[in-house]
$ cat start17.cif   # mmCIF, N, CA and C atoms
data_start
#
loop_
_atom_site.label_atom_id
_atom_site.label_comp_id
_atom_site.auth_asym_id
_atom_site.auth_seq_id
_atom_site.Cartn_x
_atom_site.Cartn_y
_atom_site.Cartn_z
N MET A 4 -39.10 118.65 241.90
CA MET A 4 -38.15 118.34 242.98
C MET A 4 -38.91 118.35 244.32
N PRO A 5 -38.73 117.31 245.13
CA PRO A 5 -39.46 117.27 246.41
C PRO A 5 -38.98 118.37 247.36
N ALA A 6 -39.90 118.86 248.17
CA ALA A 6 -39.57 119.90 249.14
C ALA A 6 -38.63 119.35 250.21
N GLN A 7 -37.81 120.22 250.75
CA GLN A 7 -36.88 119.83 251.81
C GLN A 7 -37.12 120.73 253.02
N PRO A 8 -38.07 120.34 253.88
CA PRO A 8 -38.46 121.21 255.00
C PRO A 8 -37.30 121.63 255.89
N LYS A 9 -36.48 120.68 256.34
CA LYS A 9 -35.39 120.99 257.27
C LYS A 9 -34.41 121.98 256.64
N GLU A 10 -33.99 121.68 255.41
CA GLU A 10 -33.02 122.53 254.73
C GLU A 10 -33.59 123.92 254.44
N THR A 11 -34.87 123.97 254.08
CA THR A 11 -35.52 125.25 253.79
C THR A 11 -35.54 126.13 255.04
N LEU A 12 -35.97 125.58 256.17
CA LEU A 12 -36.04 126.36 257.41
C LEU A 12 -34.64 126.78 257.86
N GLU A 13 -33.67 125.88 257.75
CA GLU A 13 -32.30 126.23 258.13
C GLU A 13 -31.79 127.41 257.31
N LYS A 14 -32.13 127.42 256.02
CA LYS A 14 -31.69 128.52 255.16
C LYS A 14 -32.36 129.83 255.57
N ILE A 15 -33.66 129.79 255.85
CA ILE A 15 -34.38 130.99 256.29
C ILE A 15 -33.73 131.54 257.56
N LEU A 16 -33.52 130.67 258.54
CA LEU A 16 -32.93 131.09 259.83
C LEU A 16 -31.54 131.68 259.62
N ASN A 17 -30.76 131.05 258.76
CA ASN A 17 -29.41 131.51 258.47
C ASN A 17 -29.45 132.91 257.84
N LEU A 18 -30.36 133.10 256.86
CA LEU A 18 -30.48 134.40 256.20
C LEU A 18 -30.94 135.48 257.17
N LEU A 19 -31.72 135.09 258.20
CA LEU A 19 -32.19 136.03 259.21
C LEU A 19 -31.13 136.29 260.28
N GLY A 20 -30.02 135.55 260.23
CA GLY A 20 -28.93 135.77 261.17
C GLY A 20 -29.05 134.98 262.46
N PHE A 21 -29.84 133.91 262.46
CA PHE A 21 -29.97 133.08 263.66
C PHE A 21 -29.04 131.89 263.58
N GLU A 22 -28.34 131.61 264.68
CA GLU A 22 -27.56 130.38 264.79
C GLU A 22 -28.48 129.33 265.35
N ALA A 23 -28.79 128.31 264.56
CA ALA A 23 -29.77 127.32 265.02
C ALA A 23 -29.57 126.01 264.28
N THR A 24 -30.01 124.94 264.94
CA THR A 24 -30.07 123.64 264.27
C THR A 24 -31.54 123.23 264.23
N VAL A 25 -31.90 122.45 263.23
CA VAL A 25 -33.28 122.04 263.05
C VAL A 25 -33.35 120.52 263.03
N GLU A 26 -34.25 119.99 263.85
CA GLU A 26 -34.49 118.55 263.87
C GLU A 26 -35.83 118.31 263.19
N GLU A 27 -35.87 117.37 262.25
CA GLU A 27 -37.08 117.08 261.49
C GLU A 27 -37.69 115.77 261.97
N LEU A 28 -38.98 115.82 262.34
CA LEU A 28 -39.69 114.63 262.80
C LEU A 28 -40.94 114.44 261.96
N ASN A 29 -41.13 113.25 261.41
CA ASN A 29 -42.34 112.99 260.63
C ASN A 29 -43.50 112.71 261.56
N MET A 30 -44.66 113.32 261.22
CA MET A 30 -45.88 113.12 262.00
C MET A 30 -46.96 112.64 261.05
N ASP A 31 -48.11 112.26 261.60
CA ASP A 31 -49.22 111.77 260.79
C ASP A 31 -49.65 112.78 259.74
N ASP A 32 -49.74 114.04 260.15
CA ASP A 32 -50.31 115.05 259.26
C ASP A 32 -49.27 116.04 258.73
N GLY A 33 -48.02 115.60 258.64
CA GLY A 33 -46.98 116.49 258.11
C GLY A 33 -45.65 116.25 258.79
N VAL A 34 -44.92 117.33 258.97
CA VAL A 34 -43.58 117.22 259.54
C VAL A 34 -43.43 118.29 260.63
N LEU A 35 -42.74 117.92 261.72
CA LEU A 35 -42.44 118.86 262.79
C LEU A 35 -40.98 119.27 262.64
N LEU A 36 -40.75 120.57 262.58
CA LEU A 36 -39.40 121.11 262.53
C LEU A 36 -39.12 121.78 263.86
N ASP A 37 -38.29 121.13 264.68
CA ASP A 37 -38.00 121.66 266.01
C ASP A 37 -36.66 122.38 265.96
N VAL A 38 -36.70 123.68 266.25
CA VAL A 38 -35.51 124.53 266.18
C VAL A 38 -34.84 124.59 267.53
N LYS A 39 -33.53 124.37 267.54
CA LYS A 39 -32.73 124.51 268.76
C LYS A 39 -31.85 125.75 268.57
N THR A 40 -31.99 126.71 269.47
CA THR A 40 -31.21 127.94 269.36
C THR A 40 -31.06 128.60 270.72
N GLU A 41 -30.02 129.40 270.86
CA GLU A 41 -29.82 130.19 272.08
C GLU A 41 -30.78 131.39 272.08
N ASP A 42 -31.30 131.71 270.92
CA ASP A 42 -32.10 132.92 270.72
C ASP A 42 -33.60 132.60 270.63
N ALA A 43 -34.06 131.63 271.43
CA ALA A 43 -35.44 131.14 271.33
C ALA A 43 -36.47 132.24 271.51
N GLY A 44 -36.27 133.12 272.47
CA GLY A 44 -37.25 134.18 272.75
C GLY A 44 -37.53 135.05 271.54
N ARG A 45 -36.49 135.44 270.82
CA ARG A 45 -36.67 136.29 269.63
C ARG A 45 -37.37 135.53 268.52
N LEU A 46 -37.12 134.23 268.41
CA LEU A 46 -37.75 133.43 267.36
C LEU A 46 -39.22 133.14 267.69
N ILE A 47 -39.54 133.01 268.96
CA ILE A 47 -40.92 132.73 269.36
C ILE A 47 -41.75 134.01 269.26
N GLY A 48 -41.22 135.10 269.75
CA GLY A 48 -41.92 136.37 269.69
C GLY A 48 -43.02 136.46 270.73
N ARG A 49 -43.71 137.59 270.74
CA ARG A 49 -44.76 137.82 271.72
C ARG A 49 -45.95 136.92 271.42
N GLN A 50 -46.35 136.12 272.39
CA GLN A 50 -47.45 135.17 272.28
C GLN A 50 -47.28 134.23 271.08
N GLY A 51 -46.01 133.96 270.72
CA GLY A 51 -45.74 133.00 269.65
C GLY A 51 -45.95 133.55 268.25
N GLN A 52 -46.13 134.87 268.12
CA GLN A 52 -46.46 135.44 266.81
C GLN A 52 -45.33 135.29 265.80
N THR A 53 -44.09 135.52 266.22
CA THR A 53 -42.96 135.39 265.30
C THR A 53 -42.84 133.94 264.83
N LEU A 54 -43.05 133.02 265.75
CA LEU A 54 -43.01 131.60 265.42
C LEU A 54 -44.10 131.24 264.40
N THR A 55 -45.29 131.78 264.60
CA THR A 55 -46.40 131.55 263.67
C THR A 55 -46.05 132.10 262.28
N ASP A 56 -45.46 133.29 262.25
CA ASP A 56 -45.07 133.90 260.97
C ASP A 56 -43.97 133.08 260.29
N LEU A 57 -43.01 132.61 261.08
CA LEU A 57 -41.93 131.80 260.53
C LEU A 57 -42.49 130.50 259.93
N GLN A 58 -43.45 129.91 260.61
CA GLN A 58 -44.09 128.70 260.11
C GLN A 58 -44.81 128.98 258.78
N TYR A 59 -45.49 130.13 258.73
CA TYR A 59 -46.22 130.50 257.51
C TYR A 59 -45.26 130.65 256.33
N VAL A 60 -44.18 131.41 256.53
CA VAL A 60 -43.20 131.63 255.46
C VAL A 60 -42.57 130.30 255.02
N THR A 61 -42.23 129.46 255.99
CA THR A 61 -41.63 128.17 255.67
C THR A 61 -42.58 127.34 254.81
N ASN A 62 -43.85 127.27 255.19
CA ASN A 62 -44.82 126.50 254.42
C ASN A 62 -45.05 127.07 253.03
N ARG A 63 -45.05 128.40 252.91
CA ARG A 63 -45.20 129.02 251.58
C ARG A 63 -44.04 128.61 250.68
N MET A 64 -42.82 128.65 251.22
CA MET A 64 -41.65 128.29 250.43
C MET A 64 -41.69 126.81 250.04
N LEU A 65 -42.09 125.96 250.97
CA LEU A 65 -42.17 124.52 250.68
C LEU A 65 -43.20 124.26 249.59
N PHE A 66 -44.34 124.96 249.66
CA PHE A 66 -45.40 124.79 248.68
C PHE A 66 -44.92 125.24 247.30
N GLN A 67 -44.09 126.31 247.27
CA GLN A 67 -43.52 126.78 246.00
C GLN A 67 -42.60 125.72 245.41
N GLN A 68 -41.84 125.04 246.26
CA GLN A 68 -40.93 123.99 245.79
C GLN A 68 -41.71 122.78 245.30
N ASP A 69 -42.80 122.46 246.02
CA ASP A 69 -43.57 121.25 245.73
C ASP A 69 -44.99 121.41 246.28
N PRO A 70 -45.98 121.62 245.38
CA PRO A 70 -47.36 121.82 245.84
C PRO A 70 -47.90 120.64 246.67
N ALA A 71 -47.28 119.49 246.57
CA ALA A 71 -47.72 118.32 247.35
C ALA A 71 -46.93 118.15 248.64
N ALA A 72 -46.12 119.14 248.99
CA ALA A 72 -45.27 119.04 250.18
C ALA A 72 -46.14 118.89 251.43
N PRO A 73 -45.68 118.07 252.40
CA PRO A 73 -46.43 117.95 253.65
C PRO A 73 -46.36 119.26 254.42
N LYS A 74 -47.41 119.53 255.21
CA LYS A 74 -47.45 120.76 256.01
C LYS A 74 -46.40 120.66 257.12
N ALA A 75 -45.67 121.74 257.31
CA ALA A 75 -44.63 121.78 258.34
C ALA A 75 -45.12 122.57 259.55
N MET A 76 -44.92 121.98 260.73
CA MET A 76 -45.16 122.72 261.97
C MET A 76 -43.79 123.09 262.52
N VAL A 77 -43.60 124.38 262.78
CA VAL A 77 -42.31 124.85 263.30
C VAL A 77 -42.45 125.09 264.80
N ASP A 78 -41.52 124.54 265.56
CA ASP A 78 -41.51 124.74 267.01
C ASP A 78 -40.11 125.16 267.42
N VAL A 79 -40.02 125.89 268.52
CA VAL A 79 -38.72 126.29 269.05
C VAL A 79 -38.64 125.80 270.49
N GLY A 80 -37.71 124.87 270.72
CA GLY A 80 -37.46 124.38 272.08
C GLY A 80 -38.71 123.88 272.79
N GLY A 81 -39.64 123.27 272.07
CA GLY A 81 -40.82 122.70 272.70
C GLY A 81 -41.88 123.71 273.08
N TYR A 82 -41.75 124.97 272.62
CA TYR A 82 -42.71 126.03 272.98
C TYR A 82 -44.13 125.65 272.62
N ARG A 83 -44.35 125.20 271.39
CA ARG A 83 -45.71 124.86 270.95
C ARG A 83 -46.29 123.70 271.76
N ALA A 84 -45.46 122.72 272.04
CA ALA A 84 -45.94 121.57 272.82
C ALA A 84 -46.41 122.04 274.20
N GLN A 85 -45.64 122.91 274.86
CA GLN A 85 -46.03 123.43 276.18
C GLN A 85 -47.28 124.29 276.07
N ALA A 86 -47.33 125.14 275.04
CA ALA A 86 -48.49 126.02 274.86
C ALA A 86 -49.73 125.19 274.60
N ARG A 87 -49.57 124.10 273.82
CA ARG A 87 -50.71 123.24 273.51
C ARG A 87 -51.22 122.55 274.79
N GLU A 88 -50.30 122.06 275.60
CA GLU A 88 -50.70 121.43 276.86
C GLU A 88 -51.48 122.40 277.74
N ALA A 89 -51.00 123.65 277.82
CA ALA A 89 -51.68 124.66 278.64
C ALA A 89 -53.07 124.96 278.07
N LEU A 90 -53.18 124.98 276.74
CA LEU A 90 -54.46 125.25 276.09
C LEU A 90 -55.46 124.11 276.33
N VAL A 91 -54.97 122.88 276.22
CA VAL A 91 -55.82 121.71 276.49
C VAL A 91 -56.33 121.77 277.93
N LYS A 92 -55.45 122.14 278.86
CA LYS A 92 -55.83 122.23 280.27
C LYS A 92 -56.90 123.32 280.47
N ARG A 93 -56.71 124.50 279.82
CA ARG A 93 -57.71 125.58 279.93
C ARG A 93 -59.06 125.13 279.36
N ALA A 94 -59.03 124.40 278.25
CA ALA A 94 -60.27 123.92 277.63
C ALA A 94 -60.99 122.96 278.57
N GLN A 95 -60.22 122.05 279.19
CA GLN A 95 -60.83 121.08 280.11
C GLN A 95 -61.39 121.78 281.36
N GLU A 96 -60.69 122.80 281.86
CA GLU A 96 -61.18 123.54 283.02
C GLU A 96 -62.47 124.29 282.67
N ALA A 97 -62.52 124.87 281.47
CA ALA A 97 -63.72 125.59 281.03
C ALA A 97 -64.90 124.62 280.89
N ALA A 98 -64.62 123.42 280.35
CA ALA A 98 -65.67 122.40 280.21
C ALA A 98 -66.20 121.98 281.58
N GLU A 99 -65.31 121.90 282.54
CA GLU A 99 -65.72 121.54 283.90
C GLU A 99 -66.64 122.60 284.49
N LYS A 100 -66.36 123.90 284.23
CA LYS A 100 -67.23 124.98 284.69
C LYS A 100 -68.61 124.86 284.04
N VAL A 101 -68.65 124.54 282.75
CA VAL A 101 -69.93 124.39 282.06
C VAL A 101 -70.72 123.25 282.70
N ARG A 102 -70.04 122.15 282.97
CA ARG A 102 -70.69 121.00 283.62
C ARG A 102 -71.22 121.37 285.00
N ARG A 103 -70.38 122.05 285.77
CA ARG A 103 -70.73 122.36 287.16
C ARG A 103 -71.85 123.38 287.26
N TRP A 104 -71.78 124.46 286.48
CA TRP A 104 -72.73 125.57 286.64
C TRP A 104 -73.82 125.60 285.57
N GLY A 105 -73.61 124.89 284.46
CA GLY A 105 -74.62 124.89 283.40
C GLY A 105 -74.66 126.16 282.59
N ASP A 106 -73.70 127.05 282.79
CA ASP A 106 -73.64 128.31 282.04
C ASP A 106 -72.65 128.20 280.89
N ALA A 107 -72.81 129.06 279.87
CA ALA A 107 -71.84 129.12 278.78
C ALA A 107 -70.54 129.76 279.30
N VAL A 108 -69.42 129.33 278.74
CA VAL A 108 -68.12 129.90 279.08
C VAL A 108 -67.46 130.35 277.79
N GLU A 109 -66.91 131.56 277.80
CA GLU A 109 -66.24 132.09 276.62
C GLU A 109 -64.74 132.12 276.88
N LEU A 110 -63.96 131.54 275.96
CA LEU A 110 -62.50 131.59 276.06
C LEU A 110 -62.01 132.83 275.31
N GLU A 111 -60.79 133.24 275.59
CA GLU A 111 -60.21 134.43 274.98
C GLU A 111 -60.07 134.25 273.45
N PRO A 112 -59.96 135.37 272.70
CA PRO A 112 -59.73 135.25 271.26
C PRO A 112 -58.44 134.48 271.00
N MET A 113 -58.45 133.61 269.99
CA MET A 113 -57.27 132.81 269.69
C MET A 113 -57.17 132.53 268.20
N THR A 114 -56.00 132.04 267.81
CA THR A 114 -55.76 131.74 266.39
C THR A 114 -56.60 130.54 265.96
N ALA A 115 -56.72 130.38 264.66
CA ALA A 115 -57.46 129.23 264.12
C ALA A 115 -56.82 127.92 264.59
N PHE A 116 -55.50 127.89 264.64
CA PHE A 116 -54.78 126.69 265.08
C PHE A 116 -55.17 126.34 266.52
N ASP A 117 -55.18 127.35 267.39
CA ASP A 117 -55.52 127.12 268.80
C ASP A 117 -56.99 126.74 268.96
N ARG A 118 -57.86 127.39 268.18
CA ARG A 118 -59.28 127.03 268.27
C ARG A 118 -59.48 125.57 267.87
N ARG A 119 -58.75 125.14 266.87
CA ARG A 119 -58.86 123.74 266.44
C ARG A 119 -58.44 122.79 267.56
N VAL A 120 -57.38 123.16 268.29
CA VAL A 120 -56.93 122.34 269.43
C VAL A 120 -58.05 122.21 270.45
N VAL A 121 -58.73 123.32 270.76
CA VAL A 121 -59.81 123.30 271.75
C VAL A 121 -60.97 122.44 271.24
N HIS A 122 -61.38 122.65 269.99
CA HIS A 122 -62.48 121.85 269.44
C HIS A 122 -62.14 120.35 269.48
N GLN A 123 -60.91 120.01 269.09
CA GLN A 123 -60.47 118.60 269.09
C GLN A 123 -60.47 118.03 270.51
N THR A 124 -60.01 118.83 271.46
CA THR A 124 -59.94 118.39 272.85
C THR A 124 -61.31 118.01 273.39
N LEU A 125 -62.33 118.79 273.02
CA LEU A 125 -63.65 118.61 273.63
C LEU A 125 -64.68 117.94 272.70
N LYS A 126 -64.25 117.50 271.52
CA LYS A 126 -65.22 116.98 270.55
C LYS A 126 -65.98 115.75 271.04
N ASP A 127 -65.37 114.95 271.90
CA ASP A 127 -66.03 113.73 272.38
C ASP A 127 -66.67 113.91 273.76
N ASP A 128 -66.66 115.13 274.28
CA ASP A 128 -67.25 115.39 275.59
C ASP A 128 -68.78 115.34 275.47
N PRO A 129 -69.44 114.43 276.18
CA PRO A 129 -70.89 114.28 276.03
C PRO A 129 -71.69 115.44 276.63
N ASP A 130 -71.07 116.25 277.48
CA ASP A 130 -71.81 117.30 278.19
C ASP A 130 -71.61 118.70 277.62
N VAL A 131 -70.60 118.87 276.75
CA VAL A 131 -70.21 120.22 276.32
C VAL A 131 -70.09 120.27 274.81
N GLU A 132 -70.60 121.38 274.22
CA GLU A 132 -70.36 121.61 272.80
C GLU A 132 -69.60 122.92 272.63
N THR A 133 -68.79 122.99 271.57
CA THR A 133 -67.96 124.18 271.34
C THR A 133 -68.36 124.83 270.02
N HIS A 134 -68.28 126.16 269.99
CA HIS A 134 -68.57 126.92 268.79
C HIS A 134 -67.57 128.07 268.69
N SER A 135 -67.02 128.30 267.49
CA SER A 135 -66.22 129.50 267.26
C SER A 135 -67.18 130.63 266.92
N VAL A 136 -67.00 131.77 267.59
CA VAL A 136 -67.90 132.89 267.43
C VAL A 136 -67.06 134.15 267.17
N GLU A 137 -67.45 134.93 266.16
CA GLU A 137 -66.72 136.17 265.87
C GLU A 137 -66.98 137.20 266.96
N VAL A 138 -65.92 137.93 267.30
CA VAL A 138 -66.05 139.04 268.24
C VAL A 138 -66.51 140.24 267.42
N GLU A 139 -67.65 140.81 267.79
CA GLU A 139 -68.24 141.89 267.00
C GLU A 139 -67.25 143.04 266.82
N GLY A 140 -67.15 143.52 265.60
CA GLY A 140 -66.29 144.66 265.30
C GLY A 140 -64.82 144.33 265.13
N THR A 141 -64.48 143.02 265.13
CA THR A 141 -63.07 142.62 264.93
C THR A 141 -63.05 141.43 263.98
N ASP A 142 -61.85 141.00 263.64
CA ASP A 142 -61.73 139.78 262.83
C ASP A 142 -61.32 138.60 263.71
N LYS A 143 -61.43 138.79 265.02
CA LYS A 143 -61.04 137.74 265.97
C LYS A 143 -62.21 136.82 266.26
N LYS A 144 -61.88 135.59 266.66
CA LYS A 144 -62.91 134.63 267.05
C LYS A 144 -62.57 134.06 268.42
N VAL A 145 -63.63 133.82 269.20
CA VAL A 145 -63.49 133.18 270.50
C VAL A 145 -64.21 131.84 270.43
N ILE A 146 -63.97 131.00 271.41
CA ILE A 146 -64.72 129.74 271.49
C ILE A 146 -65.71 129.87 272.62
N LEU A 147 -66.93 129.49 272.32
CA LEU A 147 -68.00 129.48 273.30
C LEU A 147 -68.28 128.02 273.64
N LEU A 148 -68.23 127.69 274.92
CA LEU A 148 -68.56 126.34 275.39
C LEU A 148 -69.94 126.41 276.00
N ARG A 149 -70.81 125.49 275.61
CA ARG A 149 -72.17 125.47 276.14
C ARG A 149 -72.53 124.04 276.54
N PRO A 150 -73.52 123.91 277.45
CA PRO A 150 -74.00 122.57 277.78
C PRO A 150 -74.61 121.94 276.52
N ARG A 151 -74.35 120.67 276.31
CA ARG A 151 -74.92 119.95 275.17
C ARG A 151 -76.31 119.50 275.55
N HIS A 152 -77.28 119.75 274.70
CA HIS A 152 -78.66 119.36 275.01
C HIS A 152 -79.08 118.16 274.20
#

$ encode --input "start17.cif" --output "structure tokens"
Amino acid sequence: MPAQPKETLEKILNLLGFEATVEELNMDDGVLLDVKTEDAGRLIGRQGQTLTDLQYVTNRMLFQQDPAAPKAMVDVGGYRAQAREALVKRAQEAAEKVRRWGDAVELEPMTAFDRRVVHQTLKDDPDVETHSVEVEGTDKKVILLRPRH
């Protein structure tokens, strides 16, 4: 039976006691499930952690229904889109510092998803290269921007 992303997420939210509607949008690399709710803050959580966890659980359930199910990205009221725009802007500002001063710039620790956004943003920049680097003594990774030689 094919996976039903919208219905699956609606059921999870309902079981968790959230009043919400879900809009499903097909994208190139999967499906975007945009949640509309009065309770956005609780669903997003601190630094988007609850939203990330909700996305993980939703994808696990979809994969159980259908191993070939498209990957679902869960967003609440455009939070991820805004966060992504801010991240792209920070990456571009950091690249500009590398260009201007010729020094390496280290961005804060971030999730694999966010690091991928930064790498994608700067992959075609002729002056800057990006590397994910582990923070010693933790399981976190930061992105290091350096001048391209």

$ closest_residue --input "start17.cif" --among "A:Arg45, A:Lys39, A:Arg83, A:Arg149" --to "A:Val25" --atoms "only N, CA and C atoms"
A:Lys39

$ resolve_selection --input "start17.cif" --expression "the PyMOL selection byres ((chain A and resi 67-78) around 6.5)" --output "PDB file with N, CA and C atoms, keeping the file's coordinate frame"
ATOM      1  N   MET A   4     -39.100 118.650 241.900  1.00  0.00           N
ATOM      2  CA  MET A   4     -38.150 118.340 242.980  1.00  0.00           C
ATOM      3  C   MET A   4     -38.910 118.350 244.320  1.00  0.00           C
ATOM      4  N   PRO A   5     -38.730 117.310 245.130  1.00  0.00           N
ATOM      5  CA  PRO A   5     -39.460 117.270 246.410  1.00  0.00           C
ATOM      6  C   PRO A   5     -38.980 118.370 247.360  1.00  0.00           C
ATOM      7  N   ALA A   6     -39.900 118.860 248.170  1.00  0.00           N
ATOM      8  CA  ALA A   6     -39.570 119.900 249.140  1.00  0.00           C
ATOM      9  C   ALA A   6     -38.630 119.350 250.210  1.00  0.00           C
ATOM     10  N   ASP A  32     -49.740 114.040 260.150  1.00  0.00           N
ATOM     11  CA  ASP A  32     -50.310 115.050 259.260  1.00  0.00           C
ATOM     12  C   ASP A  32     -49.270 116.040 258.730  1.00  0.00           C
ATOM     13  N   GLY A  33     -48.020 115.600 258.640  1.00  0.00           N
ATOM     14  CA  GLY A  33     -46.980 116.490 258.110  1.00  0.00           C
ATOM     15  C   GLY A  33     -45.650 116.250 258.790  1.00  0.00           C
ATOM     16  N   VAL A  34     -44.920 117.330 258.970  1.00  0.00           N
ATOM     17  CA  VAL A  34     -43.580 117.220 259.540  1.00  0.00           C
ATOM     18  C   VAL A  34     -43.430 118.290 260.630  1.00  0.00           C
ATOM     19  N   LEU A  35     -42.740 117.920 261.720  1.00  0.00           N
ATOM     20  CA  LEU A  35     -42.440 118.860 262.790  1.00  0.00           C
ATOM     21  C   LEU A  35     -40.980 119.270 262.640  1.00  0.00           C
ATOM     22  N   LEU A  36     -40.750 120.570 262.580  1.00  0.00           N
ATOM     23  CA  LEU A  36     -39.400 121.110 262.530  1.00  0.00           C
ATOM     24  C   LEU A  36     -39.120 121.780 263.860  1.00  0.00           C
ATOM     25  N   ASP A  37     -38.290 121.130 264.680  1.00  0.00           N
ATOM     26  CA  ASP A  37     -38.000 121.660 266.010  1.00  0.00           C
ATOM     27  C   ASP A  37     -36.660 122.380 265.960  1.00  0.00           C
ATOM     28  N   VAL A  38     -36.700 123.680 266.250  1.00  0.00           N
ATOM     29  CA  VAL A  38     -35.510 124.530 266.180  1.00  0.00           C
ATOM     30  C   VAL A  38     -34.840 124.590 267.530  1.00  0.00           C
ATOM     31  N   LEU A  54     -43.050 133.020 265.750  1.00  0.00           N
ATOM     32  CA  LEU A  54     -43.010 131.600 265.420  1.00  0.00           C
ATOM     33  C   LEU A  54     -44.100 131.240 264.400  1.00  0.00           C
ATOM     34  N   GLN A  58     -43.450 129.910 260.610  1.00  0.00           N
ATOM     35  CA  GLN A  58     -44.090 128.700 260.110  1.00  0.00           C
ATOM     36  C   GLN A  58     -44.810 128.980 258.780  1.00  0.00           C
ATOM     37  N   ASN A  62     -43.850 127.270 255.190  1.00  0.00           N
ATOM     38  CA  ASN A  62     -44.820 126.500 254.420  1.00  0.00           C
ATOM     39  C   ASN A  62     -45.050 127.070 253.030  1.00  0.00           C
ATOM     40  N   ARG A  63     -45.050 128.400 252.910  1.00  0.00           N
ATOM     41  CA  ARG A  63     -45.200 129.020 251.580  1.00  0.00           C
ATOM     42  C   ARG A  63     -44.040 128.610 250.680  1.00  0.00           C
ATOM     43  N   MET A  64     -42.820 128.650 251.220  1.00  0.00           N
ATOM     44  CA  MET A  64     -41.650 128.290 250.430  1.00  0.00           C
ATOM     45  C   MET A  64     -41.690 126.810 250.040  1.00  0.00           C
ATOM     46  N   LEU A  65     -42.090 125.960 250.970  1.00  0.00           N
ATOM     47  CA  LEU A  65     -42.170 124.520 250.680  1.00  0.00           C
ATOM     48  C   LEU A  65     -43.200 124.260 249.590  1.00  0.00           C
ATOM     49  N   PHE A  66     -44.340 124.960 249.660  1.00  0.00           N
ATOM     50  CA  PHE A  66     -45.400 124.790 248.680  1.00  0.00           C
ATOM     51  C   PHE A  66     -44.920 125.240 247.300  1.00  0.00           C
ATOM     52  N   VAL A  79     -40.020 125.890 268.520  1.00  0.00           N
ATOM     53  CA  VAL A  79     -38.720 126.290 269.050  1.00  0.00           C
ATOM     54  C   VAL A  79     -38.640 125.800 270.490  1.00  0.00           C
ATOM     55  N   GLY A  80     -37.710 124.870 270.720  1.00  0.00           N
ATOM     56  CA  GLY A  80     -37.460 124.380 272.080  1.00  0.00           C
ATOM     57  C   GLY A  80     -38.710 123.880 272.790  1.00  0.00           C
ATOM     58  N   GLY A  81     -39.640 123.270 272.070  1.00  0.00           N
ATOM     59  CA  GLY A  81     -40.820 122.700 272.700  1.00  0.00           C
ATOM     60  C   GLY A  81     -41.880 123.710 273.080  1.00  0.00           C
ATOM     61  N   TYR A  82     -41.750 124.970 272.620  1.00  0.00           N
ATOM     62  CA  TYR A  82     -42.710 126.030 272.980  1.00  0.00           C
ATOM     63  C   TYR A  82     -44.130 125.650 272.620  1.00  0.00           C
ATOM     64  N   ARG A  83     -44.350 125.200 271.390  1.00  0.00           N
ATOM     65  CA  ARG A  83     -45.710 124.860 270.950  1.00  0.00           C
ATOM     66  C   ARG A  83     -46.290 123.700 271.760  1.00  0.00           C
TER      67      ARG A  83
END

$ atom_distance --input "start17.cif" --atom1 "atom CA of A:Gln7" --atom2 "atom CA of A:Glu27"
10.1 Å

$ closest_residue --input "start17.cif" --among "A:Thr114, A:Asp106, A:Glu13, A:Thr124" --to "A:Lys92" --atoms "only C-alpha atoms"
A:Thr124

$ closest_residue --input "start17.cif" --among "A:His122, A:Arg87, A:Lys9, A:Arg102" --to "A:Pro150" --atoms "all atoms listed in the file"
A:Arg102

$ atom_distance --input "start17.cif" --atom1 "atom N of A:Ala98" --atom2 "atom CA of A:Arg49"
26.0 Å

$ closest_residue --input "start17.cif" --among "A:Glu137, A:Glu132, A:Asp127, A:Asp42" --to "A:Ala97" --atoms "only C-alpha atoms"
A:Glu132

$ atom_distance --input "start17.cif" --atom1 "atom C of A:Glu22" --atom2 "atom CA of A:Glu41"
6.9 Å
